[in-house]
$ cat run_35.csv   # CSV, C-alpha atoms
chain,number,residue,atom,x,y,z
A,1,MET,CA,-12.8,-13.3,14.6
A,2,THR,CA,-15.2,-10.9,12.8
A,3,GLN,CA,-16.0,-12.1,9.3
A,4,LYS,CA,-15.7,-9.5,6.6
A,5,THR,CA,-16.7,-9.1,3.0
A,6,CYS,CA,-13.5,-8.7,1.2
A,7,PHE,CA,-13.5,-7.1,-2.3
A,8,LEU,CA,-10.5,-8.0,-4.4
A,9,VAL,CA,-10.0,-5.1,-6.8
A,10,GLY,CA,-7.4,-5.9,-9.5
A,11,ALA,CA,-5.5,-2.8,-10.4
A,12,PRO,CA,-2.9,-3.7,-13.0
A,13,VAL,CA,-1.3,-0.2,-12.8
A,14,ASP,CA,2.1,-0.1,-14.6
A,15,SER,CA,2.2,3.6,-15.4
A,16,GLY,CA,3.9,4.8,-12.2
A,17,LYS,CA,7.4,3.9,-13.3
A,18,ARG,CA,9.4,3.0,-16.3
A,19,ARG,CA,10.3,-0.6,-15.5
A,20,PRO,CA,7.4,-2.8,-16.6
A,21,GLY,CA,5.9,-5.8,-14.9
A,22,CYS,CA,3.6,-4.7,-12.1
A,23,LEU,CA,0.6,-5.1,-14.4
A,24,MET,CA,0.9,-8.9,-13.8
A,25,GLY,CA,0.6,-8.4,-10.0
A,26,PRO,CA,-3.2,-8.9,-9.6
A,27,ASP,CA,-3.2,-12.3,-11.3
A,28,ALA,CA,-0.1,-13.4,-9.4
A,29,TYR,CA,-2.0,-12.8,-6.2
A,30,ARG,CA,-4.9,-14.8,-7.5
A,31,THR,CA,-2.6,-17.6,-8.6
A,32,ALA,CA,-0.9,-17.6,-5.2
A,33,GLY,CA,-4.3,-18.4,-3.6
A,34,LEU,CA,-5.4,-15.1,-2.0
A,35,ALA,CA,-9.1,-15.7,-2.3
A,36,ALA,CA,-8.8,-19.3,-0.9
A,37,ALA,CA,-6.7,-18.0,2.0
A,38,LEU,CA,-9.3,-15.4,3.0
A,39,SER,CA,-12.3,-17.6,2.5
A,40,GLY,CA,-10.6,-20.3,4.6
A,41,LEU,CA,-10.5,-17.8,7.4
A,42,GLY,CA,-14.3,-17.4,7.1
A,43,HIS,CA,-14.4,-14.2,5.1
A,44,GLN,CA,-16.7,-13.7,2.1
A,45,VAL,CA,-14.6,-12.9,-0.9
A,46,LYS,CA,-15.8,-11.1,-4.0
A,47,ASP,CA,-13.3,-10.8,-6.8
A,48,LEU,CA,-14.3,-7.8,-8.9
A,49,GLY,CA,-11.7,-8.7,-11.6
A,50,ASN,CA,-9.3,-6.2,-13.0
A,51,ILE,CA,-10.5,-2.6,-13.5
A,52,ALA,CA,-9.3,-0.3,-16.3
A,53,PRO,CA,-8.2,3.4,-16.2
A,54,ALA,CA,-10.8,6.0,-17.0
A,55,PRO,CA,-10.6,7.5,-20.5
A,56,HIS,CA,-7.5,9.8,-20.8
A,57,ALA,CA,-5.5,11.6,-23.3
A,58,PRO,CA,-2.5,9.8,-24.9
A,59,ASP,CA,0.8,10.3,-23.3
A,60,ALA,CA,3.8,11.8,-25.1
A,61,GLU,CA,6.7,9.3,-25.5
A,62,SER,CA,9.0,11.8,-23.9
A,63,GLY,CA,8.5,14.1,-21.0
A,64,ALA,CA,9.7,14.9,-17.5
A,65,VAL,CA,6.8,13.0,-16.0
A,66,PHE,CA,6.3,9.4,-17.2
A,67,ALA,CA,2.8,8.3,-18.3
A,68,LEU,CA,1.1,11.3,-16.6
A,69,ASN,CA,-2.3,11.0,-18.4
A,70,GLN,CA,-2.6,7.3,-18.0
A,71,THR,CA,-1.9,7.6,-14.2
A,72,ILE,CA,-4.6,10.3,-14.0
A,73,GLY,CA,-7.0,7.8,-15.7
A,74,TRP,CA,-6.1,5.2,-13.1
A,75,THR,CA,-6.5,7.6,-10.3
A,76,SER,CA,-10.0,8.5,-11.3
A,77,ALA,CA,-11.1,4.9,-11.8
A,78,LEU,CA,-9.6,3.7,-8.5
A,79,ALA,CA,-11.0,6.6,-6.5
A,80,GLU,CA,-14.5,5.8,-7.7
A,81,ILE,CA,-14.3,2.1,-7.0
A,82,ALA,CA,-12.7,2.7,-3.6
A,83,GLU,CA,-15.5,4.9,-2.4
A,84,GLN,CA,-18.1,2.5,-3.7
A,85,THR,CA,-16.7,-0.7,-2.2
A,86,MET,CA,-16.0,0.9,1.2
A,87,ALA,CA,-19.7,1.1,1.8
A,88,ASP,CA,-20.1,-2.7,1.6
A,89,GLY,CA,-16.9,-4.2,2.9
A,90,LEU,CA,-13.2,-4.2,3.0
A,91,PRO,CA,-11.5,-3.5,-0.4
A,92,ILE,CA,-8.1,-5.0,-1.1
A,93,PHE,CA,-6.4,-3.3,-4.0
A,94,LEU,CA,-4.2,-5.8,-5.9
A,95,GLY,CA,-1.4,-3.8,-7.6
A,96,GLY,CA,0.1,-2.7,-9.7
A,97,ASP,CA,2.7,-0.1,-8.8
A,98,HIS,CA,2.3,2.3,-5.8
A,99,SER,CA,0.8,5.0,-8.0
A,100,LEU,CA,-2.5,3.1,-7.5
A,101,SER,CA,-2.6,4.7,-4.0
A,102,LEU,CA,-3.3,8.1,-5.5
A,103,GLY,CA,-6.7,6.7,-6.3
A,104,SER,CA,-7.3,4.1,-3.6
A,105,VAL,CA,-6.5,6.5,-0.7
A,106,SER,CA,-8.3,9.5,-2.1
A,107,GLY,CA,-11.4,7.4,-2.7
A,108,VAL,CA,-11.3,5.9,0.8
A,109,ALA,CA,-10.9,9.4,2.2
A,110,ALA,CA,-14.0,10.6,0.4
A,111,TYR,CA,-15.9,7.7,1.9
A,112,ALA,CA,-14.6,8.4,5.4
A,113,ALA,CA,-15.7,12.0,5.1
A,114,SER,CA,-19.2,10.9,3.9
A,115,VAL,CA,-19.7,8.9,7.1
A,116,GLY,CA,-18.2,11.5,9.4
A,117,ARG,CA,-15.1,9.5,10.4
A,118,PRO,CA,-11.4,10.5,10.1
A,119,LEU,CA,-9.1,8.5,7.9
A,120,PHE,CA,-5.7,7.2,9.0
A,121,VAL,CA,-3.1,5.7,6.8
A,122,LEU,CA,-0.4,3.2,7.7
A,123,TRP,CA,2.4,3.4,5.0
A,124,LEU,CA,4.6,0.3,5.0
A,125,ASP,CA,7.3,1.1,2.6
A,126,ALA,CA,11.0,1.7,2.1
A,127,HIS,CA,10.1,5.1,0.6
A,128,THR,CA,8.0,8.0,1.7
A,129,ASP,CA,6.4,8.6,-1.7
A,130,PHE,CA,5.9,12.2,-0.6
A,131,HIS,CA,7.0,13.8,-3.9
A,132,THR,CA,5.1,15.9,-6.3
A,133,PRO,CA,5.4,15.6,-10.1
A,134,GLN,CA,7.7,18.7,-9.9
A,135,SER,CA,9.9,17.5,-7.1
A,136,SER,CA,10.6,14.1,-8.5
A,137,ASP,CA,13.9,13.7,-10.3
A,138,SER,CA,12.9,10.4,-11.9
A,139,GLY,CA,9.4,11.6,-13.1
A,140,ASN,CA,8.0,8.3,-11.8
A,141,LEU,CA,4.6,8.9,-10.2
A,142,HIS,CA,4.7,5.9,-7.9
A,143,GLY,CA,6.8,8.2,-5.7
A,144,THR,CA,4.0,10.8,-5.3
A,145,PRO,CA,0.8,9.3,-3.8
A,146,VAL,CA,1.3,10.6,-0.2
A,147,GLY,CA,2.0,14.0,-1.6
A,148,TYR,CA,-1.2,13.8,-3.6
A,149,PHE,CA,-3.6,12.6,-1.0
A,150,THR,CA,-2.3,15.0,1.7
A,151,GLY,CA,-3.1,17.9,-0.6
A,152,ARG,CA,0.3,19.0,-1.8
A,153,SER,CA,0.2,21.3,-4.8
A,154,GLY,CA,1.5,20.5,-8.2
A,155,PHE,CA,-0.9,17.7,-9.3
A,156,ASP,CA,-2.4,19.6,-12.3
A,157,GLY,CA,-4.8,17.5,-14.3
A,158,PHE,CA,-5.5,15.1,-11.5
A,159,PRO,CA,-8.9,14.9,-9.8
A,160,GLU,CA,-9.2,17.4,-7.0
A,161,VAL,CA,-8.6,15.9,-3.6
A,162,ALA,CA,-11.7,17.1,-1.8
A,163,GLN,CA,-10.8,15.4,1.5
A,164,PRO,CA,-7.0,15.5,2.0
A,165,VAL,CA,-5.7,13.1,4.7
A,166,PRO,CA,-4.3,15.1,7.6
A,167,GLN,CA,-0.5,14.7,7.8
A,168,ASP,CA,-0.8,13.8,11.5
A,169,ASN,CA,-3.0,10.9,10.6
A,170,ILE,CA,-0.2,9.1,8.6
A,171,CYS,CA,2.3,6.7,10.0
A,172,MET,CA,5.2,5.5,7.9
A,173,ILE,CA,7.2,2.4,9.0
A,174,GLY,CA,10.2,0.8,7.3
A,175,LEU,CA,11.8,3.9,5.7
A,176,ARG,CA,15.3,3.5,4.4
A,177,SER,CA,15.5,5.3,1.0
A,178,VAL,CA,14.6,9.0,1.2
A,179,ASP,CA,16.1,11.6,-1.2
A,180,SER,CA,16.9,15.2,-0.2
A,181,ALA,CA,13.7,16.8,-1.6
A,182,GLU,CA,11.5,14.3,0.2
A,183,ARG,CA,13.5,14.6,3.4
A,184,GLN,CA,13.1,18.3,3.4
A,185,ALA,CA,9.4,18.2,2.8
A,186,LEU,CA,8.9,15.4,5.3
A,187,GLU,CA,10.8,17.1,8.1
A,188,ALA,CA,8.5,20.1,7.6
A,189,SER,CA,5.4,17.9,7.9
A,190,ALA,CA,3.5,16.4,10.7
A,191,ILE,CA,3.7,12.8,9.3
A,192,HIS,CA,4.9,10.2,11.8
A,193,ARG,CA,7.8,8.2,10.4
A,194,HIS,CA,9.9,5.4,11.6
A,195,ASP,CA,13.0,4.3,9.6
A,196,MET,CA,14.7,1.0,10.0
A,197,ARG,CA,17.3,2.4,12.5
A,198,ASP,CA,14.4,3.3,14.7
A,199,ILE,CA,13.0,-0.3,14.2
A,200,ASP,CA,16.4,-1.8,14.9
A,201,GLU,CA,16.8,0.2,18.2
A,202,ASN,CA,13.2,0.1,19.5
A,203,GLY,CA,11.4,-2.7,17.7
A,204,ILE,CA,8.4,-2.5,15.4
A,205,ALA,CA,5.6,-3.2,17.8
A,206,GLY,CA,5.9,0.0,19.9
A,207,PRO,CA,5.4,2.6,17.1
A,208,LEU,CA,2.6,0.6,15.5
A,209,ALA,CA,0.8,0.1,18.9
A,210,GLN,CA,1.0,3.9,19.5
A,211,PHE,CA,-0.5,4.6,16.1
A,212,LEU,CA,-3.3,2.1,16.4
A,213,LYS,CA,-4.2,3.5,19.8
A,214,ARG,CA,-4.6,6.9,18.2
A,215,VAL,CA,-6.8,5.5,15.4
A,216,ALA,CA,-9.0,3.7,17.9
A,217,ALA,CA,-9.3,6.8,20.1
A,218,ALA,CA,-10.5,8.9,17.1
A,219,ASN,CA,-12.9,6.2,15.9
A,220,GLY,CA,-11.0,6.3,12.7
A,221,LEU,CA,-11.0,4.3,9.5
A,222,LEU,CA,-7.6,2.7,8.7
A,223,HIS,CA,-6.1,2.3,5.3
A,224,VAL,CA,-3.0,0.1,5.1
A,225,SER,CA,-0.7,0.4,2.1
A,226,LEU,CA,1.8,-2.5,2.0
A,227,ASP,CA,4.6,-2.1,-0.6
A,228,VAL,CA,6.7,-5.2,-1.4
A,229,ASP,CA,9.8,-3.2,-0.7
A,230,PHE,CA,8.8,-2.8,2.9
A,231,LEU,CA,10.3,-6.3,3.1
A,232,ASP,CA,14.0,-7.2,2.8
A,233,PRO,CA,14.7,-8.2,-0.8
A,234,SER,CA,16.3,-11.4,0.4
A,235,VAL,CA,12.8,-12.7,1.3
A,236,ALA,CA,10.8,-10.6,-1.3
A,237,PRO,CA,12.8,-10.2,-4.5
A,238,ALA,CA,9.9,-9.4,-6.8
A,239,VAL,CA,10.1,-5.6,-6.8
A,240,GLY,CA,11.9,-3.1,-9.0
A,241,THR,CA,12.9,-0.8,-6.1
A,242,THR,CA,14.9,-3.1,-3.9
A,243,VAL,CA,16.5,-1.5,-0.8
A,244,PRO,CA,18.6,-3.9,1.5
A,245,GLY,CA,17.8,-3.9,5.2
A,246,GLY,CA,14.1,-4.2,5.1
A,247,ALA,CA,11.6,-5.8,7.4
A,248,THR,CA,12.0,-9.5,8.2
A,249,VAL,CA,9.3,-12.1,7.6
A,250,ARG,CA,8.5,-12.2,11.4
A,251,GLU,CA,8.5,-8.4,11.7
A,252,ALA,CA,6.1,-8.1,8.8
A,253,HIS,CA,3.8,-10.9,10.2
A,254,LEU,CA,3.8,-9.2,13.6
A,255,VAL,CA,2.6,-5.9,12.0
A,256,CYS,CA,-0.2,-7.8,10.2
A,257,GLU,CA,-1.1,-9.8,13.3
A,258,MET,CA,-1.3,-6.6,15.3
A,259,LEU,CA,-3.5,-5.0,12.6
A,260,HIS,CA,-5.9,-8.0,12.9
A,261,ASP,CA,-5.9,-7.8,16.7
A,262,SER,CA,-6.8,-4.1,16.6
A,263,GLY,CA,-9.8,-4.7,14.3
A,264,LEU,CA,-9.2,-1.3,12.8
A,265,MET,CA,-8.1,-2.0,9.2
A,266,THR,CA,-10.8,-1.0,6.7
A,267,SER,CA,-9.0,-1.1,3.4
A,268,LEU,CA,-5.7,-2.4,2.1
A,269,ASP,CA,-3.2,-1.9,-0.8
A,270,LEU,CA,-0.8,-4.7,-1.9
A,271,VAL,CA,1.5,-2.9,-4.3
A,272,GLU,CA,4.7,-3.1,-6.4
A,273,LEU,CA,4.7,-6.9,-6.9
A,274,ASN,CA,6.5,-7.5,-10.2
A,275,PRO,CA,6.1,-11.3,-10.9
A,276,PHE,CA,8.7,-11.1,-13.7
A,277,LEU,CA,11.3,-10.6,-11.0
A,278,ASP,CA,10.1,-13.3,-8.6
A,279,GLU,CA,11.6,-16.7,-7.7
A,280,ARG,CA,9.0,-19.5,-8.1
A,281,GLY,CA,6.3,-17.1,-6.8
A,282,ARG,CA,7.9,-16.8,-3.3
A,283,THR,CA,7.1,-13.0,-3.0
A,284,ALA,CA,3.5,-13.4,-4.2
A,285,HIS,CA,3.0,-16.2,-1.6
A,286,LEU,CA,4.6,-14.2,1.2
A,287,MET,CA,2.4,-11.2,0.4
A,288,VAL,CA,-0.7,-13.5,0.4
A,289,ASP,CA,0.4,-14.9,3.8
A,290,LEU,CA,0.8,-11.3,5.2
A,291,CYS,CA,-2.7,-10.4,3.9
A,292,ALA,CA,-4.0,-13.5,5.6
A,293,SER,CA,-2.3,-12.5,8.9
A,294,ALA,CA,-3.9,-9.1,8.7
A,295,LEU,CA,-7.3,-10.8,8.4
A,296,GLY,CA,-6.9,-13.4,11.1
A,297,ARG,CA,-4.4,-16.2,10.4
A,298,ARG,CA,-2.5,-17.0,13.5
A,299,VAL,CA,1.1,-18.0,13.9
A,300,PHE,CA,0.3,-21.7,14.4
A,301,ASP,CA,-1.6,-21.7,11.2
A,302,ARG,CA,1.2,-20.9,8.8
A,303,PRO,CA,1.4,-23.1,5.7
A,304,THR,CA,4.8,-24.8,5.0
A,305,ARG,CA,6.4,-23.5,1.9
A,306,SER,CA,8.8,-25.2,-0.4
A,307,TYR,CA,10.5,-23.5,-3.3
A,308,THR,CA,12.8,-26.4,-4.4
$ encode --input "run_35.csv" --output "structure tokens"
Amino acid sequence: MTQKTCFLVGAPVDSGKRRPGCLMGPDAYRTAGLAAALSGLGHQVKDLGNIAPAPHAPDAESGAVFALNQTIGWTSALAEIAEQTMADGLPIFLGGDHSLSLGSVSGVAAYAASVGRPLFVLWLDAHTDFHTPQSSDSGNLHGTPVGYFTGRSGFDGFPEVAQPVPQDNICMIGLRSVDSAERQALEASAIHRHDMRDIDENGIAGPLAQFLKRVAAANGLLHVSLDVDFLDPSVAPAVGTTVPGGATVREAHLVCEMLHDSGLMTSLDLVELNPFLDERGRTAHLMVDLCASALGRRVFDRPTRSYT
């Protein structure tokens, strides 16, 4: 196994939706033993602590889009640290809600362009997050990151995305909650997507293997964005956007084991963990286990968990 330098970037982003709690996510990952799990696999771990949003104008208490300016501040700060840390290792962004990916992915894309390599994104999520601020009925910006980093219009006030991720370089796995506006935009796009019916009928390994083959053939960098709601809520209850019928524990571990086997992952988001909704830390521990699988933990090395 190739040892890596893993940068833990705490991103207590809680501005992407109205239900609070994700700001506690980074410390929950730390409490669940993420650093020890990775160092136990031989990796060097550098915890950079929790970052803060860039200075921003105050948000109005009412408005169609929730906490717009604060999210712009987070996007700027995360894009900057993402580009910086990519030069020296593998950044792991500890969320925080999924709006953090507006910054993490755009920053990683800027780094990829600077070294002349294409960026690919694996989106493990129940949702496409392909909205713009104008198309979102909820006004929650955690539903917009893919729209932003692929260069869709409508993100006035956000940092310009100088290096949009090509739609053909994105693969979504686990989809099962897509509204009509997203569906229409997605069907007109070149994004590769696999909903849970596809997974039920054909398995999860095939689509992922095909995508990883494309990344390798292009000598690409690979950003992985893992949302808690990719998992079935029966095994991962600590998320405010539960959708039944998600990935099983073994399906999720298989994805992460395949990522490690490929050697392609260069950055990672762990998002939407709301510890306030957890049960004795079980979701945080599962997410830590999945991260460890993506960085080399094998099936025989699983720790025994007890929640009684």
$ atom_distance --input "run_35.csv" --atom1 "atom CA of Val115 of chain A" --atom2 "atom CA of Val215 of chain A"
15.7 Å
$ residues_around --input "run_35.csv" --residues "segment 287-299 of chain A" --least-positions-apart "6" --cutoff "7 Å" --atoms "all atoms listed in the file" --output "ChimeraX atom specification"
/A:1,29,32,34,37-38,41,253,256-257,259-260
$ closest_atom_pairs --input "run_35.csv" --of "segment 192-233 of chain A" --to "segment 168-183 of chain A" --cutoff "6 Å" --atoms "all atoms listed in the file" --output "tab-separated table"
residue	atom	partner	partner_atom	distance
A:His192	CA	A:Cys171	CA	4.7
A:Arg193	CA	A:Met172	CA	4.5
A:His194	CA	A:Ile173	CA	4.8
A:Asp195	CA	A:Leu175	CA	4.1
A:Met196	CA	A:Gly174	CA	5.3
A:Phe230	CA	A:Gly174	CA	5.9
$ write_last_selection --input "run_35.csv" --atoms "C-alpha atoms" --output "CSV table (one decimal), keeping the file's coordinate frame"
chain,number,residue,atom,x,y,z
A,192,HIS,CA,4.9,10.2,11.8
A,193,ARG,CA,7.8,8.2,10.4
A,194,HIS,CA,9.9,5.4,11.6
A,195,ASP,CA,13.0,4.3,9.6
A,196,MET,CA,14.7,1.0,10.0
A,230,PHE,CA,8.8,-2.8,2.9
$ closest_residue --input "run_35.csv" --among "A:Ala185, A:Leu208, A:Leu277, A:Leu78" --to "Pro233 of chain A" --atoms "all atoms listed in the file"
A:Leu277
$ closest_residue --input "run_35.csv" --among "A:Arg152, A:Arg197, A:His98, A:His131" --to "Val228 of chain A" --atoms "only C-alpha atoms"
A:His98
$ residues_around --input "run_35.csv" --residues "segment 266-275 of chain A" --least-positions-apart "4" --cutoff "7 Å" --atoms "all atoms listed in the file" --output "PyMOL selection string"
chain A and resi 21-22+24-25+28+90-98+221-228+238-239
$ residues_around --input "run_35.csv" --residues "Tyr148 of chain A" --least-positions-apart "3" --cutoff "9 Å" --atoms "only C-alpha atoms" --output "list in words"
Leu102, Ser106, Phe130, His131, Thr132, Thr144, Pro145, Gly151, Arg152, Ser153, Gly154, Phe155, Val161 and Pro164 of chain A
$ residues_around --input "run_35.csv" --residues "Ser39 of chain A" --least-positions-apart "2" --cutoff "10 Å" --atoms "only C-alpha atoms" --output "PyMOL selection string"
chain A and resi 3-6+34-37+41-46+292
$ closest_residue --input "run_35.csv" --among "A:Pro207, A:Met86, A:Thr150, A:Thr71" --to "Pro55 of chain A" --atoms "all atoms listed in the file"
A:Thr71
$ atom_distance --input "run_35.csv" --atom1 "atom CA of Leu286 of chain A" --atom2 "atom CA of Phe7 of chain A"
19.8 Å
$ residues_around --input "run_35.csv" --residues "Ala52 of chain A" --least-positions-apart "4" --cutoff "10 Å" --atoms "all atoms listed in the file" --output "short mmCIF file (atom, residue, chain, number, x, y, z; two decimals) with C-alpha atoms, in the coordinates of the input"
data_model
loop_
_atom_site.label_atom_id
_atom_site.label_comp_id
_atom_site.auth_asym_id
_atom_site.auth_seq_id
_atom_site.Cartn_x
_atom_site.Cartn_y
_atom_site.Cartn_z
CA GLY A 10 -7.40 -5.90 -9.50
CA ALA A 11 -5.50 -2.80 -10.40
CA PRO A 12 -2.90 -3.70 -13.00
CA VAL A 13 -1.30 -0.20 -12.80
CA GLY A 73 -7.00 7.80 -15.70
CA TRP A 74 -6.10 5.20 -13.10
CA ALA A 77 -11.10 4.90 -11.80
CA LEU A 78 -9.60 3.70 -8.50
#
$ closest_residue --input "run_35.csv" --among "A:Phe66, A:Phe158, A:Phe276, A:Phe120" --to "Phe211 of chain A" --atoms "only C-alpha atoms"
A:Phe120
$ closest_residue --input "run_35.csv" --among "A:Leu231, A:Ala284, A:Val243, A:Ala218" --to "Leu264 of chain A" --atoms "only C-alpha atoms"
A:Ala218
$ atom_distance --input "run_35.csv" --atom1 "atom CA of Ala67 of chain A" --atom2 "atom CA of Ser15 of chain A"
5.6 Å
$ closest_residue --input "run_35.csv" --among "A:His142, A:His56, A:Lys17, A:Arg117" --to "Gly103 of chain A" --atoms "only C-alpha atoms"
A:His142
$ build_atoms --input "run_35.csv" --residues "segment 292-307 of chain A" --atoms "N, CA and C atoms" --output "mmCIF file, in the coordinates of the input"
data_model
loop_
_atom_site.group_PDB
_atom_site.id
_atom_site.type_symbol
_atom_site.label_atom_id
_atom_site.label_comp_id
_atom_site.auth_asym_id
_atom_site.auth_seq_id
_atom_site.Cartn_x
_atom_site.Cartn_y
_atom_site.Cartn_z
ATOM 1 N N ALA A 292 -3.283 -12.589 4.776
ATOM 2 C CA ALA A 292 -4.000 -13.500 5.600
ATOM 3 C C ALA A 292 -3.801 -13.214 7.101
ATOM 4 N N SER A 293 -2.569 -12.880 7.474
ATOM 5 C CA SER A 293 -2.300 -12.500 8.900
ATOM 6 C C SER A 293 -3.083 -11.289 9.284
ATOM 7 N N ALA A 294 -3.181 -10.313 8.398
ATOM 8 C CA ALA A 294 -3.900 -9.100 8.700
ATOM 9 C C ALA A 294 -5.418 -9.351 8.846
ATOM 10 N N LEU A 295 -5.857 -10.502 8.344
ATOM 11 C CA LEU A 295 -7.300 -10.800 8.400
ATOM 12 C C LEU A 295 -7.547 -12.084 9.223
ATOM 13 N N GLY A 296 -6.591 -12.452 10.099
ATOM 14 C CA GLY A 296 -6.900 -13.400 11.100
ATOM 15 C C GLY A 296 -6.125 -14.707 11.183
ATOM 16 N N ARG A 297 -5.204 -14.946 10.263
ATOM 17 C CA ARG A 297 -4.400 -16.200 10.400
ATOM 18 C C ARG A 297 -3.427 -16.026 11.526
ATOM 19 N N ARG A 298 -3.363 -17.043 12.358
ATOM 20 C CA ARG A 298 -2.500 -17.000 13.500
ATOM 21 C C ARG A 298 -1.167 -17.682 13.262
ATOM 22 N N VAL A 299 -0.222 -17.481 14.156
ATOM 23 C CA VAL A 299 1.100 -18.000 13.900
ATOM 24 C C VAL A 299 1.185 -19.484 13.802
ATOM 25 N N PHE A 300 0.290 -20.212 14.484
ATOM 26 C CA PHE A 300 0.300 -21.700 14.400
ATOM 27 C C PHE A 300 -0.305 -22.188 13.109
ATOM 28 N N ASP A 301 -0.934 -21.308 12.358
ATOM 29 C CA ASP A 301 -1.600 -21.700 11.200
ATOM 30 C C ASP A 301 -0.850 -21.530 9.881
ATOM 31 N N ARG A 302 0.442 -21.207 10.007
ATOM 32 C CA ARG A 302 1.200 -20.900 8.800
ATOM 33 C C ARG A 302 1.370 -22.166 7.932
ATOM 34 N N PRO A 303 1.158 -22.005 6.627
ATOM 35 C CA PRO A 303 1.400 -23.100 5.700
ATOM 36 C C PRO A 303 2.934 -23.331 5.545
ATOM 37 N N THR A 304 3.357 -24.533 5.320
ATOM 38 C CA THR A 304 4.800 -24.800 5.000
ATOM 39 C C THR A 304 4.996 -24.558 3.550
ATOM 40 N N ARG A 305 6.044 -23.814 3.249
ATOM 41 C CA ARG A 305 6.400 -23.500 1.900
ATOM 42 C C ARG A 305 7.629 -24.202 1.427
ATOM 43 N N SER A 306 7.627 -24.631 0.193
ATOM 44 C CA SER A 306 8.800 -25.200 -0.400
ATOM 45 C C SER A 306 9.032 -24.588 -1.754
ATOM 46 N N TYR A 307 10.245 -24.136 -2.011
ATOM 47 C CA TYR A 307 10.500 -23.500 -3.300
ATOM 48 C C TYR A 307 11.600 -24.272 -4.082
#
